[in-house]
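final.tsv follows; it contains TSV, C-alpha atoms.
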```
chain	number	residue	atom	x	y	z
A	409	MET	CA	0.00	0.00	0.00
A	410	PRO	CA	1.46	3.42	-0.90
A	411	HIS	CA	2.46	5.72	1.96
A	412	SER	CA	2.89	9.01	0.12
A	413	ALA	CA	0.49	11.14	2.15
A	414	PRO	CA	2.35	13.76	4.23
A	415	PRO	CA	3.35	13.15	7.86
A	416	LEU	CA	0.66	13.62	10.49
A	417	MET	CA	1.73	17.04	11.78
A	418	GLU	CA	2.13	18.39	8.26
A	419	MET	CA	-1.43	17.31	7.41
A	420	ILE	CA	-2.85	19.00	10.52
A	421	THR	CA	-0.83	22.12	9.73
A	422	GLN	CA	-2.22	22.29	6.20
A	423	LEU	CA	-5.83	21.78	7.27
A	424	ILE	CA	-5.60	24.46	9.96
A	425	ALA	CA	-3.95	26.84	7.46
A	426	THR	CA	-6.83	26.39	5.00
A	427	PRO	CA	-9.83	28.50	6.08
A	428	SER	CA	-13.22	26.80	5.77
A	429	ILE	CA	-15.58	28.83	7.91
A	430	SER	CA	-19.26	28.12	7.50
A	431	SER	CA	-21.85	30.61	8.65
A	432	VAL	CA	-25.43	31.64	7.97
A	433	ASN	CA	-23.93	35.13	7.61
A	434	GLN	CA	-22.66	35.30	4.02
A	435	THR	CA	-19.99	37.80	5.06
A	436	TRP	CA	-18.22	34.96	6.89
A	437	ASP	CA	-19.25	31.93	4.86
A	438	GLN	CA	-16.51	30.21	2.84
A	439	SER	CA	-16.19	27.25	0.50
A	440	ASN	CA	-14.88	23.97	1.92
A	441	LEU	CA	-13.55	22.79	-1.46
A	442	PRO	CA	-9.88	23.56	-0.63
A	443	ILE	CA	-10.17	21.21	2.36
A	444	ILE	CA	-11.86	18.57	0.21
A	445	GLU	CA	-9.04	18.83	-2.34
A	446	LEU	CA	-6.38	18.29	0.32
A	447	LEU	CA	-8.17	15.25	1.71
A	448	ASP	CA	-8.67	13.91	-1.80
A	449	SER	CA	-4.94	14.11	-2.59
A	450	TRP	CA	-3.87	12.43	0.67
A	451	LEU	CA	-6.47	9.66	0.64
A	452	SER	CA	-5.94	8.91	-3.05
A	453	ALA	CA	-2.24	8.47	-2.31
A	454	LEU	CA	-3.16	5.88	0.34
A	455	GLY	CA	-5.25	3.82	-2.06
A	456	PHE	CA	-8.73	5.11	-1.23
A	457	SER	CA	-11.28	5.49	-4.01
A	458	ILE	CA	-12.75	8.98	-3.86
A	459	GLU	CA	-16.21	10.36	-4.49
A	460	ILE	CA	-16.76	14.09	-4.21
A	461	GLN	CA	-20.42	14.99	-3.79
A	462	PRO	CA	-21.21	18.63	-4.71
A	463	ILE	CA	-24.03	20.09	-2.64
A	464	PRO	CA	-26.63	21.90	-4.75
A	465	ASP	CA	-28.36	25.21	-4.08
A	466	GLN	CA	-25.59	26.74	-1.95
A	467	LYS	CA	-24.45	30.35	-2.36
A	468	THR	CA	-20.86	29.19	-1.73
A	469	ASP	CA	-19.37	26.05	-3.28
A	470	LYS	CA	-19.71	23.14	-0.88
A	471	ALA	CA	-19.08	19.40	-1.15
A	472	ASN	CA	-18.85	16.17	0.82
A	473	LEU	CA	-16.05	13.66	0.34
A	474	ILE	CA	-16.62	9.90	0.59
A	475	ALA	CA	-13.34	7.93	0.54
A	476	THR	CA	-13.47	4.13	0.50
A	477	LEU	CA	-10.71	1.60	1.18
A	478	GLY	CA	-11.55	-2.02	0.41
A	479	GLN	CA	-14.66	-3.69	-0.98
A	480	GLY	CA	-17.96	-4.99	0.31
A	481	SER	CA	-20.54	-3.62	2.70
A	482	GLU	CA	-21.27	-3.15	6.40
A	483	GLY	CA	-17.87	-1.66	7.14
A	484	LEU	CA	-16.77	1.20	9.39
A	485	ILE	CA	-17.36	4.89	8.69
A	486	LEU	CA	-15.08	7.47	10.33
A	487	ALA	CA	-16.78	10.84	9.87
A	488	GLY	CA	-16.00	14.47	10.50
A	489	HIS	CA	-17.00	17.89	9.26
A	490	THR	CA	-14.63	20.08	7.27
A	491	ASP	CA	-15.87	23.48	8.44
A	492	THR	CA	-15.18	25.64	11.46
A	493	VAL	CA	-17.10	28.42	13.14
A	494	PRO	CA	-15.97	32.05	12.70
A	495	PHE	CA	-13.28	33.29	15.08
A	496	ASP	CA	-12.98	36.21	17.49
A	497	GLN	CA	-10.67	38.73	15.82
A	498	GLY	CA	-8.02	40.01	18.22
A	499	GLN	CA	-8.73	37.51	21.01
A	500	TRP	CA	-6.31	34.81	19.84
A	501	ARG	CA	-2.76	34.74	21.23
A	502	GLN	CA	-1.56	33.49	17.83
A	503	ASP	CA	-2.78	33.32	14.26
A	504	PRO	CA	-5.83	30.98	14.31
A	505	PHE	CA	-4.78	29.64	10.90
A	506	GLN	CA	-1.23	28.77	11.95
A	507	LEU	CA	-0.80	25.54	13.91
A	508	THR	CA	1.12	26.47	17.06
A	509	GLU	CA	2.58	23.97	19.53
A	510	ARG	CA	2.92	25.26	23.07
A	511	GLU	CA	2.97	23.57	26.49
A	512	GLY	CA	1.85	20.20	25.15
A	513	LYS	CA	-1.02	21.59	23.12
A	514	LEU	CA	-1.75	22.24	19.44
A	515	TYR	CA	-3.44	25.60	18.99
A	516	GLY	CA	-5.44	26.57	15.91
A	517	LEU	CA	-8.97	27.02	14.60
A	518	GLY	CA	-10.36	23.52	14.12
A	519	THR	CA	-7.83	21.60	16.21
A	520	ALA	CA	-10.48	20.33	18.66
A	521	ASP	CA	-13.57	20.83	16.50
A	522	MET	CA	-12.63	18.97	14.39
A	523	LYS	CA	-10.14	19.08	11.53
A	524	ALA	CA	-7.44	17.29	13.50
A	525	PHE	CA	-9.69	14.23	13.85
A	526	LEU	CA	-9.80	13.83	10.07
A	527	VAL	CA	-6.01	13.62	10.04
A	528	LEU	CA	-5.94	11.12	12.92
A	529	ALA	CA	-8.41	8.95	10.99
A	530	ILE	CA	-6.10	9.07	7.95
A	531	GLU	CA	-3.12	8.22	10.15
A	532	ALA	CA	-4.97	5.25	11.64
A	533	ALA	CA	-5.75	3.95	8.14
A	534	ARG	CA	-2.12	4.08	6.91
A	535	SER	CA	-1.15	0.68	8.23
A	536	PHE	CA	-4.03	-1.22	6.62
A	537	ASN	CA	-3.69	-2.86	3.22
A	538	PRO	CA	-6.93	-3.00	1.20
A	539	SER	CA	-6.38	-6.73	0.59
A	540	THR	CA	-6.64	-7.42	4.32
A	541	LEU	CA	-10.02	-5.70	4.67
A	542	LYS	CA	-13.05	-7.98	4.63
A	543	HIS	CA	-15.32	-4.94	4.95
A	544	PRO	CA	-14.63	-1.40	3.70
A	545	LEU	CA	-13.23	1.49	5.68
A	546	ILE	CA	-14.92	4.74	4.72
A	547	LEU	CA	-13.78	8.24	5.61
A	548	LEU	CA	-16.62	10.74	5.34
A	549	ALA	CA	-15.90	14.48	5.34
A	550	THR	CA	-18.98	16.72	5.35
A	551	ALA	CA	-19.77	20.38	4.74
A	552	ASP	CA	-21.37	22.99	6.97
A	553	GLU	CA	-22.05	21.06	10.17
A	554	GLU	CA	-21.55	24.30	12.08
A	555	SER	CA	-24.27	26.19	10.21
A	556	THR	CA	-26.81	24.64	7.82
A	557	THR	CA	-25.85	20.93	8.09
A	558	CYS	CA	-26.35	20.87	4.32
A	559	GLY	CA	-23.65	18.21	3.93
A	560	ALA	CA	-25.34	15.62	6.13
A	561	ARG	CA	-28.78	16.57	4.83
A	562	SER	CA	-27.65	16.01	1.25
A	563	LEU	CA	-26.58	12.48	2.17
A	564	VAL	CA	-30.03	11.84	3.63
A	565	ASN	CA	-31.76	13.36	0.60
A	566	ALA	CA	-29.69	11.12	-1.68
A	567	GLY	CA	-30.37	8.06	0.46
A	568	ARG	CA	-26.63	7.35	0.67
A	569	TYR	CA	-26.27	4.25	2.81
A	570	LEU	CA	-22.56	3.88	3.53
A	571	GLY	CA	-22.44	1.09	6.07
A	572	ARG	CA	-23.65	0.02	9.48
A	573	HIS	CA	-21.03	1.21	11.99
A	574	ALA	CA	-20.16	4.92	12.21
A	575	LEU	CA	-18.00	7.08	14.45
A	576	ILE	CA	-18.13	10.89	14.35
A	577	GLY	CA	-15.00	12.45	15.85
A	578	GLU	CA	-16.60	15.44	17.57
A	579	PRO	CA	-14.85	16.63	20.74
A	580	THR	CA	-15.91	14.30	23.57
A	581	GLY	CA	-12.64	13.86	25.47
A	582	LEU	CA	-12.37	10.31	24.07
A	583	ARG	CA	-15.56	9.23	25.82
A	584	PRO	CA	-18.35	7.65	23.74
A	585	ILE	CA	-21.67	9.47	23.36
A	586	ARG	CA	-24.84	7.73	22.17
A	587	GLN	CA	-27.52	10.36	22.89
A	588	HIS	CA	-27.96	14.09	22.54
A	589	LYS	CA	-30.83	16.52	22.39
A	590	GLY	CA	-32.05	18.09	19.19
A	591	VAL	CA	-32.44	21.80	18.52
A	592	PHE	CA	-34.45	24.07	16.25
A	593	ILE	CA	-34.84	27.86	16.14
A	594	GLU	CA	-38.07	29.72	15.44
A	595	GLY	CA	-39.25	33.28	14.98
A	596	ILE	CA	-42.65	34.85	15.58
A	597	GLN	CA	-43.62	38.18	14.06
A	598	LEU	CA	-46.78	39.97	15.19
A	599	ARG	CA	-48.30	42.87	13.31
A	600	GLY	CA	-50.85	45.20	14.85
A	601	HIS	CA	-51.63	48.86	14.18
A	602	SER	CA	-49.78	51.98	15.26
A	603	GLY	CA	-51.39	55.03	16.78
A	604	HIS	CA	-50.92	57.81	19.33
A	605	SER	CA	-50.07	56.38	22.74
A	606	SER	CA	-52.47	58.78	24.45
A	607	ASN	CA	-55.41	56.61	23.34
A	608	PRO	CA	-54.97	52.80	23.19
A	609	ALA	CA	-58.12	52.54	21.09
A	610	LEU	CA	-56.31	54.19	18.18
A	611	GLY	CA	-54.16	51.09	17.54
A	612	ASN	CA	-53.47	47.47	18.38
A	613	ASN	CA	-50.29	46.94	20.36
A	614	ALA	CA	-48.14	44.13	18.96
A	615	LEU	CA	-45.79	44.31	21.95
A	616	GLU	CA	-48.63	43.60	24.34
A	617	GLY	CA	-49.72	40.80	22.03
A	618	MET	CA	-46.22	39.34	22.21
A	619	HIS	CA	-46.49	39.40	25.99
A	620	ALA	CA	-49.48	37.08	25.65
A	621	VAL	CA	-47.60	34.91	23.13
A	622	ILE	CA	-44.64	34.62	25.52
A	623	SER	CA	-47.00	33.53	28.28
A	624	GLU	CA	-48.32	30.83	25.95
A	625	LEU	CA	-44.77	29.70	25.09
A	626	LEU	CA	-43.87	29.46	28.77
A	627	ALA	CA	-47.02	27.42	29.40
A	628	PHE	CA	-46.03	25.16	26.50
A	629	ARG	CA	-42.54	24.79	28.00
A	630	ALA	CA	-44.00	23.83	31.37
A	631	ASP	CA	-46.23	21.28	29.65
A	632	LEU	CA	-43.22	19.71	27.89
A	633	GLU	CA	-41.23	19.64	31.14
A	634	SER	CA	-44.04	17.78	32.89
A	635	ARG	CA	-44.51	15.25	30.06
A	636	TYR	CA	-40.92	14.47	29.04
A	637	HIS	CA	-38.04	13.51	31.32
A	638	ASN	CA	-34.78	11.65	30.73
A	639	PRO	CA	-32.55	11.43	33.81
A	640	VAL	CA	-29.41	10.51	31.86
A	641	PHE	CA	-29.13	14.13	30.67
A	642	ASP	CA	-27.66	16.82	32.91
A	643	VAL	CA	-30.74	18.89	32.04
A	644	PRO	CA	-33.31	16.06	32.00
A	645	SER	CA	-36.19	17.90	30.33
A	646	PRO	CA	-36.67	19.71	27.01
A	647	THR	CA	-35.72	23.38	27.12
A	648	LEU	CA	-37.18	26.44	25.43
A	649	ASN	CA	-35.14	29.64	25.54
A	650	LEU	CA	-36.44	33.11	24.67
A	651	GLY	CA	-33.36	34.59	23.05
A	652	HIS	CA	-34.21	37.80	21.17
A	653	ILE	CA	-37.07	40.30	21.01
A	654	HIS	CA	-37.57	43.58	19.18
A	655	GLY	CA	-40.63	45.76	18.81
A	656	GLY	CA	-41.78	49.28	18.25
A	657	ASP	CA	-39.88	52.46	17.43
A	658	ASN	CA	-40.84	55.14	19.97
A	659	PRO	CA	-42.33	55.30	23.48
A	660	ASN	CA	-45.19	57.57	22.42
A	661	ARG	CA	-46.40	55.35	19.57
A	662	ILE	CA	-48.48	52.21	19.89
A	663	CYS	CA	-46.21	49.35	18.85
A	664	ALA	CA	-47.25	48.07	15.41
A	665	GLU	CA	-44.73	45.22	15.02
A	666	CYS	CA	-42.90	42.90	17.38
A	667	GLU	CA	-40.61	39.95	16.66
A	668	LEU	CA	-39.39	37.16	18.96
A	669	HIS	CA	-36.69	34.51	18.35
A	670	PHE	CA	-36.34	31.38	20.49
A	671	ASP	CA	-34.91	27.88	20.42
A	672	LEU	CA	-36.28	24.55	21.60
A	673	ARG	CA	-34.14	21.51	22.46
A	674	PRO	CA	-36.13	18.26	22.44
A	675	LEU	CA	-35.13	14.96	24.00
A	676	PRO	CA	-34.67	11.74	22.02
A	677	GLY	CA	-38.07	10.38	21.08
A	678	MET	CA	-39.57	13.83	20.45
A	679	ASP	CA	-40.34	14.88	16.89
A	680	ILE	CA	-39.34	18.36	15.69
A	681	GLN	CA	-42.13	18.68	13.12
A	682	GLU	CA	-44.83	17.75	15.65
A	683	LEU	CA	-43.42	20.28	18.11
A	684	ARG	CA	-43.37	22.96	15.41
A	685	GLN	CA	-47.00	22.31	14.51
A	686	MET	CA	-48.08	22.52	18.17
A	687	LEU	CA	-46.12	25.74	18.67
A	688	HIS	CA	-47.47	27.40	15.55
A	689	SER	CA	-51.05	26.43	16.38
A	690	ARG	CA	-50.90	27.74	19.95
A	691	VAL	CA	-49.23	31.08	19.22
A	692	THR	CA	-51.40	31.75	16.17
A	693	GLN	CA	-54.56	31.24	18.24
A	694	VAL	CA	-53.32	33.76	20.81
A	695	ALA	CA	-52.49	36.33	18.13
A	696	VAL	CA	-55.78	35.94	16.26
A	697	SER	CA	-57.74	36.28	19.49
A	698	ARG	CA	-56.17	39.72	19.90
A	699	GLY	CA	-56.78	40.80	16.30
A	700	LEU	CA	-53.10	40.58	15.37
A	701	THR	CA	-51.51	39.15	12.25
A	702	CYS	CA	-49.09	36.34	13.13
A	703	LYS	CA	-46.20	35.08	11.00
A	704	THR	CA	-44.15	32.11	12.18
A	705	MET	CA	-40.65	31.69	10.77
A	706	ILE	CA	-38.25	28.75	10.70
A	707	LEU	CA	-34.91	30.41	11.45
A	708	ALA	CA	-32.99	27.12	11.57
A	709	GLU	CA	-34.39	23.82	10.30
A	710	GLY	CA	-32.75	22.12	13.22
A	711	ILE	CA	-30.96	18.96	14.23
A	712	PRO	CA	-33.13	16.06	15.40
A	713	PRO	CA	-32.50	14.40	18.74
A	714	PHE	CA	-29.94	11.60	18.55
A	715	GLU	CA	-29.99	8.13	20.07
A	716	THR	CA	-28.15	4.94	19.19
A	717	PRO	CA	-29.18	1.77	21.05
A	718	SER	CA	-26.89	0.71	23.88
A	719	THR	CA	-26.70	-2.74	22.27
A	720	ALA	CA	-25.25	-1.43	18.98
A	721	ALA	CA	-21.93	-3.06	18.15
A	722	ILE	CA	-20.16	0.31	17.75
A	723	ILE	CA	-21.38	1.41	21.20
A	724	GLU	CA	-20.29	-1.80	22.88
A	725	ALA	CA	-16.91	-1.70	21.12
A	726	THR	CA	-16.11	1.91	22.08
A	727	GLU	CA	-17.24	1.33	25.67
A	728	ARG	CA	-14.92	-1.66	25.92
A	729	LEU	CA	-11.96	0.09	24.30
A	730	THR	CA	-12.26	3.36	26.24
A	731	GLY	CA	-13.42	1.94	29.56
A	732	TYR	CA	-16.28	4.47	29.74
A	733	PRO	CA	-20.02	3.87	29.42
A	734	ALA	CA	-21.63	5.71	26.52
A	735	GLY	CA	-23.15	8.92	27.77
A	736	THR	CA	-25.00	12.01	26.58
A	737	ALA	CA	-24.01	15.40	25.18
A	738	ALA	CA	-25.63	18.81	25.34
A	739	PHE	CA	-24.46	19.76	21.84
A	740	GLY	CA	-25.84	18.62	18.49
A	741	THR	CA	-24.03	16.58	15.84
A	742	GLU	CA	-24.60	14.93	12.47
A	743	GLY	CA	-25.31	11.66	14.27
A	744	PRO	CA	-29.09	11.69	13.77
A	745	PHE	CA	-28.66	12.15	10.01
A	746	LEU	CA	-26.30	9.17	9.75
A	747	ASN	CA	-28.71	7.09	11.84
A	748	GLN	CA	-31.53	8.05	9.47
A	749	LEU	CA	-29.49	6.37	6.73
A	750	GLY	CA	-29.44	3.07	8.64
A	751	MET	CA	-26.14	3.47	10.45
A	752	GLU	CA	-25.47	2.97	14.15
A	753	THR	CA	-23.42	5.95	15.24
A	754	VAL	CA	-21.24	6.82	18.19
A	755	ILE	CA	-19.89	10.31	18.85
A	756	LEU	CA	-16.28	10.08	20.05
A	757	GLY	CA	-13.29	12.31	19.42
A	758	PRO	CA	-10.05	13.54	20.99
A	759	GLY	CA	-10.94	17.19	21.56
A	760	ASP	CA	-12.81	18.73	24.48
A	761	ILE	CA	-16.07	20.59	23.97
A	762	ALA	CA	-14.83	23.28	26.39
A	763	GLN	CA	-12.25	24.25	23.74
A	764	ALA	CA	-14.67	24.30	20.81
A	765	HIS	CA	-15.86	27.66	19.43
A	766	GLN	CA	-13.42	29.46	21.74
A	767	PRO	CA	-10.44	31.77	21.15
A	768	ASN	CA	-7.18	29.83	21.45
A	769	GLU	CA	-8.83	26.51	20.64
A	770	TYR	CA	-6.45	23.62	21.18
A	771	LEU	CA	-5.99	19.86	21.11
A	772	SER	CA	-3.77	18.26	23.74
A	773	LEU	CA	-0.85	16.36	22.22
A	774	ASP	CA	-1.38	13.49	24.64
A	775	ARG	CA	-4.70	12.71	22.93
A	776	ILE	CA	-3.14	11.93	19.55
A	777	LYS	CA	-1.66	8.47	20.11
A	778	PRO	CA	-4.64	7.11	22.13
A	779	THR	CA	-7.00	8.27	19.37
A	780	ILE	CA	-4.98	6.62	16.62
A	781	ASP	CA	-4.71	3.40	18.66
A	782	LEU	CA	-8.46	3.40	19.29
A	783	LEU	CA	-9.31	3.96	15.63
A	784	GLN	CA	-6.92	1.22	14.52
A	785	ARG	CA	-8.55	-1.25	16.90
A	786	LEU	CA	-11.99	-0.31	15.55
A	787	ILE	CA	-10.78	-0.74	11.97
A	788	GLN	CA	-9.34	-4.13	12.93
A	789	GLN	CA	-12.64	-5.22	14.50
A	790	PHE	CA	-15.12	-3.90	11.95
A	791	CYS	CA	-13.13	-4.11	8.72
A	792	CYS	CA	-10.70	-7.03	9.15
A	793	HIS	CA	-12.64	-9.56	11.26
```
Please lay out the structure from this file as structure tokens.
Amino acid sequence: MPHSAPPLMEMITQLIATPSISSVNQTWDQSNLPIIELLDSWLSALGFSIEIQPIPDQKTDKANLIATLGQGSEGLILAGHTDTVPFDQGQWRQDPFQLTEREGKLYGLGTADMKAFLVLAIEAARSFNPSTLKHPLILLATADEESTTCGARSLVNAGRYLGRHALIGEPTGLRPIRQHKGVFIEGIQLRGHSGHSSNPALGNNALEGMHAVISELLAFRADLESRYHNPVFDVPSPTLNLGHIHGGDNPNRICAECELHFDLRPLPGMDIQELRQMLHSRVTQVAVSRGLTCKTMILAEGIPPFETPSTAAIIEATERLTGYPAGTAAFGTEGPFLNQLGMETVILGPGDIAQAHQPNEYLSLDRIKPTIDLLQRLIQQFCCH
């Protein structure tokens, strides 16, 4: 098997030096194709067959990469996203796009979340000859996990079944995760009628109407908290957070328009579309009863809740190899999308979530060898046996 991909540290350096920010703000949003091209060149040199999947209907060029070593089905998928979040200008101690080693840590945007994992997966694959694989090893690199999740969604839309056993290398401190909450973000816009504040009868106050809508949302939240409970989560109930409100333009005018943004994080077993329908129905009834026009807006389509059975082979294997029981996470991942495609997915990676999305993001050097060893043992179990 050829070994002409660059050394590990050189690959991490190149990925960190290649910006691939994804954002719903087009000012920040960048293509991930330069990252895809680097991965393509390295994996091709190691004998992988490469498929690059362009993602349609994006304002910036985006693509997934599916790299396969070996033949057959039901192999192992090692998955990671190619994008990063934006960075805080001026708050980094070093250039976020220059890999910097200091005090046993690798600093750079994407070291923990999660470009470095893609390199560790490549490094783990180096020692395996395709002829020894009874089942394929697949490296999956996706676009825009940090913003629109269009990469994972395009796989679902295409019905791309890749195999049964999947590991996503999100930052978990090398502890397996088999459940996390979902999240979706909504907006409500109420329109009333302006008028002179000296006489309330001259208008219809949208801000007062939003007060009633908020009361309904809080009642809905209390209802969800009483009906749904999962003690394995640190916050065992669904949450609904009122995050942004704006209305009116002057104290002496009746407020004609008011807008509210909020998120809801459901537990596994709860359906986002059903929750949306209940929300829209309840707030619309409140608005109509007050003579207001109500517009509901989907601000983020959302990530479904995630759960892989405790009996899944990938869960049992990672529990045995790490010595930790599979737990839960408060953050969302692409896990539910892979599971929709028939995979059984574990979330497990070398970074720490406390470092993700932060200035001076880093990956500890002492996580590198244990991660490579773990991935090699998983490849041995799921691809060679």
Minimum-distance residue to Ile723 of chain A, chosen among A:Pro608, A:His619, A:His688, A:Arg583 (using only C-alpha atoms):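 For Ile723 of chain A, the nearest of the given residues is A:Arg583.
In this comparison, which uses all atoms listed in the file, the residue of A:Leu473, A:Leu683, A:Ala738, A:Ala664 approaching Ile444 of chain A most closely is A:Leu473.
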Computed interatomic separation between atom CA of His765 of chain A and atom CA of Asn747 of chain A (Å): 25.4 Å
Option closest in space to Pro579 of chain A, from A:Leu545, A:Ala566, A:Ala524, A:Ala471 [counting only C-alpha atoms]: A:Ala524
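Candidate residues A:Gly651, A:Pro717, A:Gly518, A:Gly710 were compared for distance to Asp679 of chain A, and the nearest is A:Gly710, using only C-alpha atoms.
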Atomic distance atom CA of Ala532 of chain A - atom CA of Gly735 of chain A, expressed in Å with one decimal: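 According to the coordinates, atom CA of Ala532 of chain A and atom CA of Gly735 of chain A are separated by 24.6 Å.
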All file atoms of segment 599-607 of chain A boxed axis-aligned, 3 Å per side, centre plus edges, as AutoDock Vina command-line options:
```
--center_x -51.9 --center_y 50.8 --center_z 18.9 --size_x 13.1 --size_y 21.9 --size_z 17.1
```
Write out, as a Markdown table, each residue of segment 697-766 of chain A that has an atom at most 10 Å from segment 771-778 of chain A, together with the closest pair of atoms and their distance in Å to one decimal, counting all atoms listed in the file, rows going by chain and rising number.
```
| residue | atom | partner | partner_atom | distance |
| --- | --- | --- | --- | --- |
| A:Thr730 | CA | A:Pro778 | CA | 9.4 |
| A:Gly757 | CA | A:Arg775 | CA | 9.3 |
| A:Pro758 | CA | A:Arg775 | CA | 5.8 |
| A:Gly759 | CA | A:Leu771 | CA | 5.6 |
| A:Asp760 | CA | A:Leu771 | CA | 7.7 |
| A:Gln763 | CA | A:Leu771 | CA | 8.1 |
| A:Ala764 | CA | A:Leu771 | CA | 9.8 |
```
Minimum-distance residue to His604 of chain A, chosen among A:Pro713, A:Gly455, A:Pro659, A:Pro414 (using all atoms listed in the file): A:Pro659
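For the set A:Leu570, A:Leu598, A:Ala551, A:Leu746, the residue with the smallest atom-to-atom gap to His669 of chain A is A:Leu598, counting all atoms listed in the file.
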Segment 491-500 of chain A environment, 7 Å, all atoms listed in the file, sequence neighbours closer than 3 positions dropped, as a VMD selection string: chain A and resid 428 to 431 436 440 503 to 504 518 551 to 554 765 767 to 768
Coordinates-based distance that separates atom CA of Glu594 of chain A from atom CA of Ile706 of chain A (Å, one decimal): 4.8 Å
Within 12 Å of file point (-38.3, 12.5, 16.4), counting all atoms listed in the file, expressed as a PyMOL selection string: chain A and resi 589-591+673-684+710-715+744-745+747-748
Mind checking which residues fall within 9 Å of Leu514 of chain A, counting only C-alpha atoms, ignoring those fewer than 5 positions away in the same chain, and posting them as a PDB file with C-alpha atoms, in the frame of the given file?
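Below you can see around.pdb, which holds the result:
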```pdb
ATOM      1  CA  LEU A 507      -0.800  25.540  13.910  1.00  0.00           C
ATOM      2  CA  THR A 508       1.120  26.470  17.060  1.00  0.00           C
ATOM      3  CA  GLU A 509       2.580  23.970  19.530  1.00  0.00           C
ATOM      4  CA  THR A 519      -7.830  21.600  16.210  1.00  0.00           C
ATOM      5  CA  ALA A 520     -10.480  20.330  18.660  1.00  0.00           C
ATOM      6  CA  GLU A 769      -8.830  26.510  20.640  1.00  0.00           C
ATOM      7  CA  TYR A 770      -6.450  23.620  21.180  1.00  0.00           C
ATOM      8  CA  LEU A 771      -5.990  19.860  21.110  1.00  0.00           C
ATOM      9  CA  SER A 772      -3.770  18.260  23.740  1.00  0.00           C
ATOM     10  CA  LEU A 773      -0.850  16.360  22.220  1.00  0.00           C
TER      11      LEU A 773
END
```
Long-range neighbours of Tyr569 of chain A as a ChimeraX atom specification, 9 Å cut-off, only C-alpha atoms, 3 positions minimum in chain: /A:563-564,566,572,746,749-751
Could those selected residues go to a file with C-alpha atoms, as an mmCIF file, in the coordinates of the input?
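Okay, part_17.cif is ready:
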```
data_model
loop_
_atom_site.group_PDB
_atom_site.id
_atom_site.type_symbol
_atom_site.label_atom_id
_atom_site.label_comp_id
_atom_site.auth_asym_id
_atom_site.auth_seq_id
_atom_site.Cartn_x
_atom_site.Cartn_y
_atom_site.Cartn_z
ATOM 1 C CA LEU A 563 -26.580 12.480 2.170
ATOM 2 C CA VAL A 564 -30.030 11.840 3.630
ATOM 3 C CA ALA A 566 -29.690 11.120 -1.680
ATOM 4 C CA ARG A 572 -23.650 0.020 9.480
ATOM 5 C CA LEU A 746 -26.300 9.170 9.750
ATOM 6 C CA LEU A 749 -29.490 6.370 6.730
ATOM 7 C CA GLY A 750 -29.440 3.070 8.640
ATOM 8 C CA MET A 751 -26.140 3.470 10.450
#
```
Write out as a CSV table (one decimal) with C-alpha atoms, in the frame of the given file each polymer residue whose atoms come within 8 Å of Ser412 of chain A, counting only C-alpha atoms; drop sequence neighbours fewer than 2 positions from it.
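New file around-v7.csv:
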```csv
chain,number,residue,atom,x,y,z
A,410,PRO,CA,1.5,3.4,-0.9
A,414,PRO,CA,2.4,13.8,4.2
A,450,TRP,CA,-3.9,12.4,0.7
A,453,ALA,CA,-2.2,8.5,-2.3
A,454,LEU,CA,-3.2,5.9,0.3
```
For His573 of chain A: contacts at 6 Å, all atoms listed in the file, fewer than 6 positions along chain excluded, given as a PyMOL selection string: chain A and resi 484+722+751-752
With C-alpha atoms kept, could you save the residues just selected as a compact mmCIF listing (two decimals), in the frame of the given file?
```txt
# COMPACT_ATOMS: atom_id res chain seq x y z
CA LEU A 484 -16.77 1.20 9.39
CA ILE A 722 -20.16 0.31 17.75
CA MET A 751 -26.14 3.47 10.45
CA GLU A 752 -25.47 2.97 14.15
```
Kindly complete segment 456-464 of chain A to N, CA and C atoms; the output should be written as a PDB file, in the coordinates of the input.
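out.pdb was written with the following content:
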```pdb
ATOM      1  N   PHE A 456      -7.288   4.951  -1.347  1.00  0.00           N
ATOM      2  CA  PHE A 456      -8.730   5.110  -1.230  1.00  0.00           C
ATOM      3  C   PHE A 456      -9.330   5.489  -2.589  1.00  0.00           C
ATOM      4  N   SER A 457     -10.513   4.978  -2.880  1.00  0.00           N
ATOM      5  CA  SER A 457     -11.280   5.490  -4.010  1.00  0.00           C
ATOM      6  C   SER A 457     -12.113   6.667  -3.508  1.00  0.00           C
ATOM      7  N   ILE A 458     -12.194   7.695  -4.316  1.00  0.00           N
ATOM      8  CA  ILE A 458     -12.750   8.980  -3.860  1.00  0.00           C
ATOM      9  C   ILE A 458     -14.009   9.326  -4.628  1.00  0.00           C
ATOM     10  N   GLU A 459     -15.015   9.749  -3.892  1.00  0.00           N
ATOM     11  CA  GLU A 459     -16.210  10.360  -4.490  1.00  0.00           C
ATOM     12  C   GLU A 459     -16.409  11.727  -3.856  1.00  0.00           C
ATOM     13  N   ILE A 460     -16.477  12.743  -4.691  1.00  0.00           N
ATOM     14  CA  ILE A 460     -16.760  14.090  -4.210  1.00  0.00           C
ATOM     15  C   ILE A 460     -18.194  14.426  -4.593  1.00  0.00           C
ATOM     16  N   GLN A 461     -18.988  14.745  -3.604  1.00  0.00           N
ATOM     17  CA  GLN A 461     -20.420  14.990  -3.790  1.00  0.00           C
ATOM     18  C   GLN A 461     -20.713  16.484  -3.668  1.00  0.00           C
ATOM     19  N   PRO A 462     -20.843  17.208  -4.787  1.00  0.00           N
ATOM     20  CA  PRO A 462     -21.210  18.630  -4.710  1.00  0.00           C
ATOM     21  C   PRO A 462     -22.595  18.787  -4.070  1.00  0.00           C
ATOM     22  N   ILE A 463     -22.757  19.843  -3.317  1.00  0.00           N
ATOM     23  CA  ILE A 463     -24.030  20.090  -2.640  1.00  0.00           C
ATOM     24  C   ILE A 463     -24.755  21.202  -3.377  1.00  0.00           C
ATOM     25  N   PRO A 464     -25.941  20.909  -3.917  1.00  0.00           N
ATOM     26  CA  PRO A 464     -26.630  21.900  -4.750  1.00  0.00           C
ATOM     27  C   PRO A 464     -27.242  23.025  -3.922  1.00  0.00           C
TER      28      PRO A 464
END
```
